[in-house]
file start-v7.cif (mmCIF, C-alpha atoms and all ligand atoms)
data_my_file
#
loop_
_atom_site.label_atom_id
_atom_site.label_comp_id
_atom_site.auth_asym_id
_atom_site.auth_seq_id
_atom_site.Cartn_x
_atom_site.Cartn_y
_atom_site.Cartn_z
CA MET A 1 197.19 24.16 96.23
CA LEU A 2 200.48 24.39 98.04
CA ALA A 3 200.57 22.63 101.37
CA VAL A 4 200.31 24.69 104.54
CA THR A 5 203.51 24.59 106.57
CA GLN A 6 204.91 26.45 109.52
CA CYS A 7 207.17 29.43 108.93
CA TRP A 8 210.69 28.49 109.98
CA GLN A 9 211.22 32.01 111.36
CA CYS A 10 208.03 33.19 113.08
CA ARG A 11 206.26 29.79 113.46
CA GLU A 12 203.04 31.08 111.94
CA PRO A 13 201.26 28.90 109.38
CA VAL A 14 202.37 29.71 105.87
CA GLN A 15 201.16 28.71 102.45
CA GLY A 16 203.36 29.58 99.55
CA PRO A 17 206.98 30.60 99.20
CA VAL A 18 206.91 33.69 101.40
CA CYS A 19 205.53 34.07 104.96
CA ALA A 20 202.75 36.66 105.02
CA GLY A 21 203.54 37.46 108.65
CA CYS A 22 207.29 38.04 108.82
CA GLY A 23 208.21 38.08 105.12
CA ALA A 24 210.74 35.24 105.38
CA ILE A 25 211.15 33.09 102.30
CA GLN A 26 210.43 29.39 102.92
CA PRO A 27 212.53 26.42 101.84
CA PRO A 28 211.17 25.08 98.54
CA PRO A 29 210.02 21.46 98.46
CA ALA A 30 212.60 19.12 96.92
CA HIS A 31 210.25 17.96 94.15
CA PRO A 32 207.54 20.57 93.80
CA GLU A 33 204.46 19.91 91.68
CA LEU A 34 205.13 22.14 88.71
CA PHE A 35 201.62 23.39 88.03
CA THR A 36 200.92 24.02 91.71
CA ILE A 37 203.96 26.21 92.30
CA LEU A 38 202.72 28.47 89.52
CA GLY A 39 199.27 28.50 91.11
CA LEU A 40 197.77 26.49 88.22
CA SER A 41 195.92 23.19 88.22
CA PRO A 42 197.48 20.30 86.30
CA SER A 43 196.03 20.13 82.82
CA TYR A 44 197.10 19.08 79.34
CA THR A 45 195.28 21.97 77.68
CA ILE A 46 196.97 25.21 78.59
CA ASP A 47 196.79 28.87 77.80
CA ARG A 48 200.39 29.96 77.25
CA LYS A 49 199.61 33.57 78.13
CA ALA A 50 198.06 32.50 81.42
CA VAL A 51 201.10 30.32 82.14
CA ASP A 52 203.45 33.22 81.50
CA LYS A 53 201.35 35.50 83.64
CA ALA A 54 201.29 33.01 86.51
CA TRP A 55 205.04 32.55 86.17
CA ARG A 56 205.66 36.31 86.27
CA GLY A 57 203.50 36.74 89.34
CA ALA A 58 205.09 33.84 91.20
CA SER A 59 208.60 34.87 90.19
CA ARG A 60 208.15 38.39 91.45
CA LYS A 61 207.41 37.14 94.97
CA VAL A 62 210.61 35.16 95.21
CA HIS A 63 212.85 37.38 93.12
CA PRO A 64 216.40 37.27 94.53
CA ASP A 65 216.55 41.09 94.49
CA ARG A 66 213.85 41.17 97.15
CA PHE A 67 216.08 39.17 99.47
CA ALA A 68 219.31 40.97 98.69
CA GLY A 69 219.45 42.22 102.28
CA ALA A 70 218.37 38.91 103.85
CA SER A 71 220.57 36.11 105.19
CA ALA A 72 222.63 33.94 102.86
CA VAL A 73 220.23 31.05 103.51
CA GLN A 74 217.25 33.11 102.41
CA ARG A 75 219.09 34.35 99.35
CA ARG A 76 219.82 30.76 98.40
CA MET A 77 216.15 29.79 98.87
CA ALA A 78 215.13 32.64 96.57
CA LEU A 79 217.42 31.25 93.89
CA GLN A 80 216.06 27.73 94.40
CA TRP A 81 212.46 28.91 94.07
CA THR A 82 213.35 30.84 90.97
CA ALA A 83 214.95 27.77 89.41
CA HIS A 84 211.85 25.66 90.19
CA LEU A 85 209.56 28.28 88.69
CA ASN A 86 211.65 28.58 85.53
CA ARG A 87 211.65 24.84 85.08
CA ALA A 88 207.89 24.70 85.68
CA ARG A 89 207.29 27.30 82.99
CA LYS A 90 209.56 25.55 80.52
CA VAL A 91 208.05 22.09 81.05
CA ILE A 92 204.45 23.29 81.03
CA ARG A 93 204.86 25.34 77.86
CA ASP A 94 206.37 22.42 75.94
CA ASP A 95 203.68 20.04 74.62
CA THR A 96 205.84 16.93 74.80
CA GLN A 97 207.40 17.64 78.17
CA ARG A 98 204.03 18.61 79.66
CA ALA A 99 202.47 15.37 78.45
CA TRP A 100 205.32 13.23 79.83
CA TYR A 101 205.16 15.14 83.09
CA LEU A 102 201.42 14.69 83.51
CA ALA A 103 201.54 11.03 82.57
CA THR A 104 204.65 9.95 84.48
CA GLY A 105 205.70 12.72 86.85
CA SER A 106 208.87 13.30 84.86
CA GLU A 107 209.17 15.48 81.78
CA ARG A 108 211.13 12.89 79.82
CA PRO A 109 211.55 9.12 79.67
CA GLY A 110 214.15 7.78 82.06
CA GLU A 111 217.68 6.93 80.94
CA ARG A 112 216.94 3.35 82.02
CA ASP A 113 213.45 3.11 80.62
CA LYS A 114 213.22 -0.35 79.04
CA ASN A 115 209.71 -0.31 77.60
CA GLN A 116 209.75 -1.55 74.04
CA PRO A 117 207.10 -0.46 71.59
CA ASP A 118 205.03 -2.98 69.73
CA PRO A 119 207.35 -4.89 67.28
CA ALA A 120 205.32 -3.96 64.20
CA PHE A 121 205.67 -0.29 65.07
CA LEU A 122 209.41 -0.64 65.65
CA GLU A 123 209.76 -2.38 62.28
CA GLN A 124 207.88 0.51 60.69
CA VAL A 125 210.20 3.05 62.31
CA PHE A 126 213.22 1.08 61.13
CA GLU A 127 211.86 1.06 57.57
CA LEU A 128 211.18 4.79 57.74
CA ASN A 129 214.74 5.40 58.88
CA MET A 130 215.97 3.30 55.93
CA LEU A 131 213.75 5.23 53.56
CA ARG A 132 214.98 8.51 54.98
CA ALA A 133 218.48 7.77 53.72
CA GLU A 134 217.16 7.54 50.13
CA ASP A 135 214.14 9.76 50.04
CA PRO A 136 214.03 12.05 53.06
CA ALA A 137 210.96 13.99 51.93
CA ALA A 138 208.85 10.84 51.57
CA ALA A 139 210.03 9.41 54.89
CA ILE A 140 209.35 12.65 56.74
CA GLU A 141 205.92 12.97 55.22
CA ARG A 142 204.95 9.44 56.28
CA ALA A 143 206.38 9.97 59.76
CA ARG A 144 204.40 13.21 60.07
CA GLY A 145 201.23 11.35 59.16
CA LEU A 146 201.83 8.80 61.91
CA GLN A 147 202.79 11.60 64.27
CA SER A 148 199.49 13.41 63.87
CA THR A 149 197.55 10.18 64.47
CA GLU A 150 199.46 9.63 67.71
CA GLN A 151 198.95 13.25 68.73
CA GLU A 152 195.21 12.91 68.24
CA ARG A 153 195.24 9.77 70.34
CA LEU A 154 197.11 11.60 73.06
CA SER A 155 194.68 14.52 73.12
CA ALA A 156 191.74 12.11 73.22
CA LEU A 157 193.34 10.32 76.16
CA PHE A 158 193.83 13.54 78.12
CA GLN A 159 190.25 14.50 77.34
CA SER A 160 188.94 11.20 78.62
CA GLN A 161 191.08 11.64 81.73
CA ALA A 162 189.26 14.89 82.46
CA GLN A 163 186.12 12.72 82.54
CA GLY A 164 187.58 10.22 84.96
CA GLY A 165 189.61 8.03 82.60
CA THR A 166 193.21 7.00 83.26
CA LEU A 167 196.43 8.04 81.51
CA ASP A 168 197.74 4.46 81.45
CA GLY A 169 198.07 4.46 77.68
CA ALA A 170 199.98 7.75 77.56
CA PRO A 171 203.59 6.54 77.99
CA ALA A 172 203.22 4.13 75.04
CA ILE A 173 201.91 6.92 72.80
CA LEU A 174 204.61 9.31 74.00
CA GLY A 175 207.22 6.64 73.33
CA ARG A 176 205.97 6.23 69.75
CA LEU A 177 206.05 10.00 69.28
CA ASN A 178 209.66 9.97 70.42
CA TYR A 179 210.65 7.46 67.70
CA LEU A 180 208.74 9.38 65.05
CA ARG A 181 210.38 12.64 66.06
CA THR A 182 213.79 11.02 65.61
CA VAL A 183 212.80 9.98 62.07
CA ILE A 184 211.56 13.49 61.29
CA ASP A 185 214.59 15.26 62.76
CA GLY A 186 216.97 12.73 61.23
CA GLY A 187 218.68 11.69 64.43
CA HIS A 188 220.47 13.72 67.05
CA GLU A 189 223.80 14.01 68.88
CA MET B 1 231.71 16.40 75.42
CA ALA B 2 235.04 14.64 74.92
CA TYR B 3 234.70 11.16 73.48
CA SER B 4 237.28 8.42 73.81
CA ASP B 5 239.51 7.51 70.87
CA LYS B 6 238.01 4.05 70.80
CA LEU B 7 234.50 5.42 70.50
CA VAL B 8 235.49 7.80 67.71
CA ASP B 9 237.24 4.97 65.91
CA HIS B 10 234.17 2.69 66.03
CA PHE B 11 231.93 5.56 65.02
CA GLU B 12 234.06 6.61 62.08
CA ASN B 13 234.93 3.08 60.93
CA PRO B 14 232.05 0.93 62.11
CA ARG B 15 232.77 -2.80 61.93
CA ASN B 16 230.21 -5.31 60.71
CA MET B 17 227.65 -2.93 59.35
CA GLY B 18 225.16 -4.73 57.12
CA VAL B 19 222.54 -7.44 57.00
CA LEU B 20 222.32 -11.22 57.19
CA ASP B 21 219.55 -13.37 55.75
CA LYS B 22 216.77 -12.94 58.26
CA ASP B 23 214.93 -15.98 56.89
CA SER B 24 217.80 -18.37 57.59
CA ASP B 25 217.36 -20.78 60.50
CA GLU B 26 220.91 -19.96 61.55
CA VAL B 27 220.26 -16.25 61.87
CA GLY B 28 218.68 -14.52 64.83
CA THR B 29 217.48 -10.94 64.35
CA GLY B 30 216.96 -8.44 67.14
CA LEU B 31 215.31 -5.08 66.60
CA VAL B 32 215.16 -2.79 69.61
CA GLY B 33 214.50 0.83 70.37
CA ALA B 34 215.73 3.26 73.02
CA PRO B 35 212.75 4.91 74.68
CA ALA B 36 214.95 7.68 76.06
CA CYS B 37 215.81 9.07 72.64
CA GLY B 38 213.87 7.25 69.93
CA ASP B 39 216.86 5.56 68.32
CA VAL B 40 216.58 2.08 66.81
CA MET B 41 219.08 -0.73 66.32
CA LYS B 42 218.89 -3.96 64.33
CA LEU B 43 221.44 -6.62 65.13
CA GLN B 44 221.78 -10.07 63.58
CA LEU B 45 223.76 -13.11 64.66
CA GLN B 46 224.60 -16.14 62.57
CA ILE B 47 225.05 -19.15 64.82
CA ASN B 48 226.31 -22.60 63.83
CA ASP B 49 225.28 -26.04 65.20
CA GLN B 50 228.01 -25.88 67.84
CA GLY B 51 226.53 -22.69 69.24
CA ILE B 52 229.36 -20.52 67.94
CA ILE B 53 228.57 -17.07 66.61
CA GLU B 54 230.05 -17.13 63.13
CA ASP B 55 228.96 -13.71 61.99
CA ALA B 56 227.31 -10.59 63.34
CA LYS B 57 225.93 -7.57 61.52
CA PHE B 58 224.11 -4.43 62.56
CA LYS B 59 222.30 -1.40 61.27
CA THR B 60 221.76 1.40 63.76
CA PHE B 61 219.85 4.63 63.39
CA GLY B 62 221.06 6.54 66.35
CA CYS B 63 223.71 8.63 67.96
CA GLY B 64 227.44 8.08 67.66
CA SER B 65 227.56 6.16 70.93
CA ALA B 66 224.88 3.76 69.75
CA ILE B 67 226.70 3.15 66.49
CA ALA B 68 229.99 2.62 68.32
CA SER B 69 228.29 0.33 70.88
CA SER B 70 226.78 -1.86 68.18
CA SER B 71 230.01 -1.95 66.22
CA LEU B 72 231.99 -2.93 69.31
CA VAL B 73 229.47 -5.53 70.43
CA THR B 74 229.48 -7.31 67.07
CA GLU B 75 233.27 -7.51 67.28
CA MET B 76 233.09 -8.83 70.82
CA VAL B 77 230.68 -11.69 70.08
CA LYS B 78 232.10 -12.89 66.77
CA GLY B 79 233.72 -16.31 67.21
CA LYS B 80 232.35 -16.61 70.74
CA THR B 81 229.69 -18.91 72.14
CA VAL B 82 226.02 -18.17 72.60
CA GLU B 83 226.61 -18.33 76.38
CA TYR B 84 229.22 -15.61 76.15
CA ALA B 85 226.83 -13.34 74.24
CA GLU B 86 224.01 -14.17 76.63
CA ASN B 87 226.04 -12.92 79.57
CA LEU B 88 227.33 -9.79 77.95
CA GLU B 89 226.32 -6.69 79.86
CA ASN B 90 226.09 -3.11 78.80
CA GLY B 91 228.53 -2.11 81.54
CA ALA B 92 231.34 -3.83 79.67
CA ILE B 93 230.50 -1.89 76.51
CA ALA B 94 230.13 1.42 78.33
CA GLU B 95 233.46 0.91 80.05
CA GLU B 96 235.30 -0.11 76.89
CA LEU B 97 234.07 3.02 75.11
CA SER B 98 234.21 5.27 78.22
CA LEU B 99 230.63 6.38 77.72
CA PRO B 100 229.43 9.35 79.80
CA PRO B 101 226.42 8.73 82.09
CA VAL B 102 223.89 10.29 79.68
CA LYS B 103 225.01 7.81 77.03
CA ILE B 104 224.56 4.67 79.08
CA HIS B 105 221.25 3.90 77.39
CA CYS B 106 223.10 3.66 74.07
CA SER B 107 225.08 0.68 75.38
CA VAL B 108 221.92 -0.77 76.94
CA LEU B 109 220.46 -0.71 73.44
CA ALA B 110 223.34 -2.86 72.18
CA GLU B 111 222.92 -5.35 75.02
CA ASP B 112 219.18 -5.54 74.40
CA ALA B 113 219.73 -6.02 70.67
CA ILE B 114 222.04 -9.00 71.31
CA LYS B 115 219.51 -10.56 73.69
CA ALA B 116 216.67 -10.01 71.23
CA ALA B 117 218.70 -11.62 68.43
CA LEU B 118 219.46 -14.65 70.62
CA ALA B 119 215.79 -14.97 71.59
CA ASP B 120 214.82 -14.90 67.93
CA TYR B 121 217.42 -17.55 67.12
CA ARG B 122 216.12 -19.80 69.92
CA ARG B 123 212.57 -19.37 68.69
CA LYS B 124 213.61 -20.50 65.24
CA GLN B 125 215.55 -23.49 66.57
CA ALA B 126 212.64 -24.57 68.76
CA ALA B 127 210.30 -24.35 65.79
CA ARG B 128 212.69 -26.37 63.66
CA ASN B 129 213.15 -29.07 66.29
CA ALA B 130 209.48 -29.30 67.12
CA PRO B 131 208.10 -32.66 65.94
CA THR B 132 206.02 -32.10 62.86
CA ALA B 133 202.76 -33.98 62.74
S1 LIG C 1 221.29 8.89 72.26
FE1 LIG C 1 219.94 7.29 71.86
S2 LIG C 1 221.05 5.56 71.54
FE2 LIG C 1 222.41 7.11 72.00
#
call {"tool": "encode", "arguments": {"input": "start-v7.cif", "output": "structure tokens"}}
result
Amino acid sequence: MLAVTQCWQCREPVQGPVCAGCGAIQPPPAHPELFTILGLSPSYTIDRKAVDKAWRGASRKVHPDRFAGASAVQRRMALQWTAHLNRARKVIRDDTQRAWYLATGSERPGERDKNQPDPAFLEQVFELNMLRAEDPAAAIERARGLQSTEQERLSALFQSQAQGGTLDGAPAILGRLNYLRTVIDGGHE
Amino acid sequence: MAYSDKLVDHFENPRNMGVLDKDSDEVGTGLVGAPACGDVMKLQLQINDQGIIEDAKFKTFGCGSAIASSSLVTEMVKGKTVEYAENLENGAIAEELSLPPVKIHCSVLAEDAIKAALADYRRKQAARNAPTA
């Protein structure tokens, strides 16, 4: 649920991006919770159609066209809300980004993230990368096998969280998935 | 993105690519990964009794900046002391190659690989010098 604030224009309590009383658009929070701004509850299992529907509904309310005749400040707020909603939809629809977001509050590992995976795993990834140079099909197949194991672990973790467990183990699994994806894709820019 | 000439040079003609004997007491091996992108780097240092780095080799599976960073760092430490390598920071690598901010982690990877190789070397030396019963 979005927090209740006071409308900057008419001073009435307001919940959501637009004041029900005077119709003024409200300043978006700097770091909005992505599920909440779409009116969804945070969850790893999603229904993409429901996400799209929630995004359409929320976007309509803050669409810049609606504020075309409003002040420059309000027009800018409409654009900011729209950007937040678009990002929310993108992150939530993407399995990897959604998992990172739920586990760490950010949709990707930080540029300065220093966590090292377990050495045996790293060695395995190194070997798979070596193998990929000679026999890409075999390397990709083995990486895919490891990938599905990690994905199952991740789903199980999110399931146990729904029953009161923690997501403490999620970043390590997501990190391993990141290395495996690099093997499968054969590197990147 | 425009890359510096130095970076392109190290990427296109990497120096010191290869492997050293990981079972030698004189060789320290560091294997590290970059959580931000999933790239991995193996870096090895051959160190003599005087604590001088006689040789350095690397094998990197990663982006151009990571390859250039590892190539540059092996050049930088060769012929230098263990202390020099110990104090090497990624900032020096990033600056030398003019890495853009999103590529900083690639130079961090090279710094971490050096440190991991030195730690491995120390472990081996300590084991060798430990009194045997
Ligand atoms: S992008 Fe990962 S090491 Fe450069």
call {"tool": "residues_near_ligand", "arguments": {"input": "start-v7.cif", "ligand": "ligand LIG 1 (chain C)", "cutoff": "9 Å", "atoms": "all atoms listed in the file", "output": "ChimeraX atom specification"}}
result
/A:187-189 /B:33-41,60-67,69,102-110
call {"tool": "residues_around", "arguments": {"input": "start-v7.cif", "residues": "B:Lys57", "least_positions_apart": "6", "cutoff": "9 Å", "atoms": "all atoms listed in the file", "output": "list in words"}}
result
Arg15, Asn16, Met17, Gly18, Val19, Leu20, Lys42, Leu43, Gln44, Leu45, Gln46, Ser70, Ser71 and Thr74 of chain B
call {"tool": "residues_near_point", "arguments": {"input": "start-v7.cif", "point": "(224.1, -16.9, 76.4)", "cutoff": "12 Å", "atoms": "all atoms listed in the file", "output": "PDB file with C-alpha atoms, keeping the file's coordinate frame"}}
result
ATOM      1  CA  ILE B  47     225.050 -19.150  64.820  1.00  0.00           C
ATOM      2  CA  GLY B  51     226.530 -22.690  69.240  1.00  0.00           C
ATOM      3  CA  ILE B  52     229.360 -20.520  67.940  1.00  0.00           C
ATOM      4  CA  ILE B  53     228.570 -17.070  66.610  1.00  0.00           C
ATOM      5  CA  VAL B  77     230.680 -11.690  70.080  1.00  0.00           C
ATOM      6  CA  LYS B  80     232.350 -16.610  70.740  1.00  0.00           C
ATOM      7  CA  THR B  81     229.690 -18.910  72.140  1.00  0.00           C
ATOM      8  CA  VAL B  82     226.020 -18.170  72.600  1.00  0.00           C
ATOM      9  CA  GLU B  83     226.610 -18.330  76.380  1.00  0.00           C
ATOM     10  CA  TYR B  84     229.220 -15.610  76.150  1.00  0.00           C
ATOM     11  CA  ALA B  85     226.830 -13.340  74.240  1.00  0.00           C
ATOM     12  CA  GLU B  86     224.010 -14.170  76.630  1.00  0.00           C
ATOM     13  CA  ASN B  87     226.040 -12.920  79.570  1.00  0.00           C
ATOM     14  CA  LEU B  88     227.330  -9.790  77.950  1.00  0.00           C
ATOM     15  CA  GLU B  89     226.320  -6.690  79.860  1.00  0.00           C
ATOM     16  CA  GLU B 111     222.920  -5.350  75.020  1.00  0.00           C
ATOM     17  CA  ILE B 114     222.040  -9.000  71.310  1.00  0.00           C
ATOM     18  CA  LYS B 115     219.510 -10.560  73.690  1.00  0.00           C
ATOM     19  CA  ALA B 116     216.670 -10.010  71.230  1.00  0.00           C
ATOM     20  CA  ALA B 117     218.700 -11.620  68.430  1.00  0.00           C
ATOM     21  CA  LEU B 118     219.460 -14.650  70.620  1.00  0.00           C
ATOM     22  CA  ALA B 119     215.790 -14.970  71.590  1.00  0.00           C
ATOM     23  CA  TYR B 121     217.420 -17.550  67.120  1.00  0.00           C
ATOM     24  CA  ARG B 122     216.120 -19.800  69.920  1.00  0.00           C
TER      25      ARG B 122
END
call {"tool": "interface_residues", "arguments": {"input": "start-v7.cif", "of": "chain A", "to": "chain B", "cutoff": "7 Å", "atoms": "only C-alpha atoms", "output": "NGL selection string"}}
result
:A and (109-116 or 126 or 129 or 175 or 178-179 or 182 or 187-189)
call {"tool": "residues_around", "arguments": {"input": "start-v7.cif", "residues": "stretch 132-143 of chain A", "least_positions_apart": "2", "cutoff": "9 Å", "atoms": "all atoms listed in the file", "output": "compact mmCIF listing (two decimals) with C-alpha atoms, keeping the file's coordinate frame"}}
result
# COMPACT_ATOMS: atom_id res chain seq x y z
CA VAL A 125 210.20 3.05 62.31
CA GLU A 127 211.86 1.06 57.57
CA LEU A 128 211.18 4.79 57.74
CA ASN A 129 214.74 5.40 58.88
CA MET A 130 215.97 3.30 55.93
CA GLY A 145 201.23 11.35 59.16
CA LEU A 146 201.83 8.80 61.91
CA GLN A 147 202.79 11.60 64.27
CA SER A 148 199.49 13.41 63.87
CA LEU A 180 208.74 9.38 65.05
CA ARG A 181 210.38 12.64 66.06
CA VAL A 183 212.80 9.98 62.07
CA ILE A 184 211.56 13.49 61.29
CA ASP A 185 214.59 15.26 62.76
CA GLY A 186 216.97 12.73 61.23
call {"tool": "atom_distance", "arguments": {"input": "start-v7.cif", "atom1": "atom CA of B:Asp5", "atom2": "atom CA of B:Glu54"}}
result
27.5 Å
call {"tool": "residues_around", "arguments": {"input": "start-v7.cif", "residues": "stretch 19-36 of chain A", "least_positions_apart": "2", "cutoff": "9 Å", "atoms": "all atoms listed in the file", "output": "ChimeraX atom specification"}}
result
/A:1-2,6-10,12-17,38-43,62,67,70,74-75,77-78,80-81,84-85,87-89,91-92,101,105
call {"tool": "atom_distance", "arguments": {"input": "start-v7.cif", "atom1": "atom CA of B:His10", "atom2": "atom CA of A:Arg108"}}
result
28.7 Å
call {"tool": "atom_distance", "arguments": {"input": "start-v7.cif", "atom1": "atom CA of A:Trp100", "atom2": "atom CA of A:Ala156"}}
result
15.1 Å
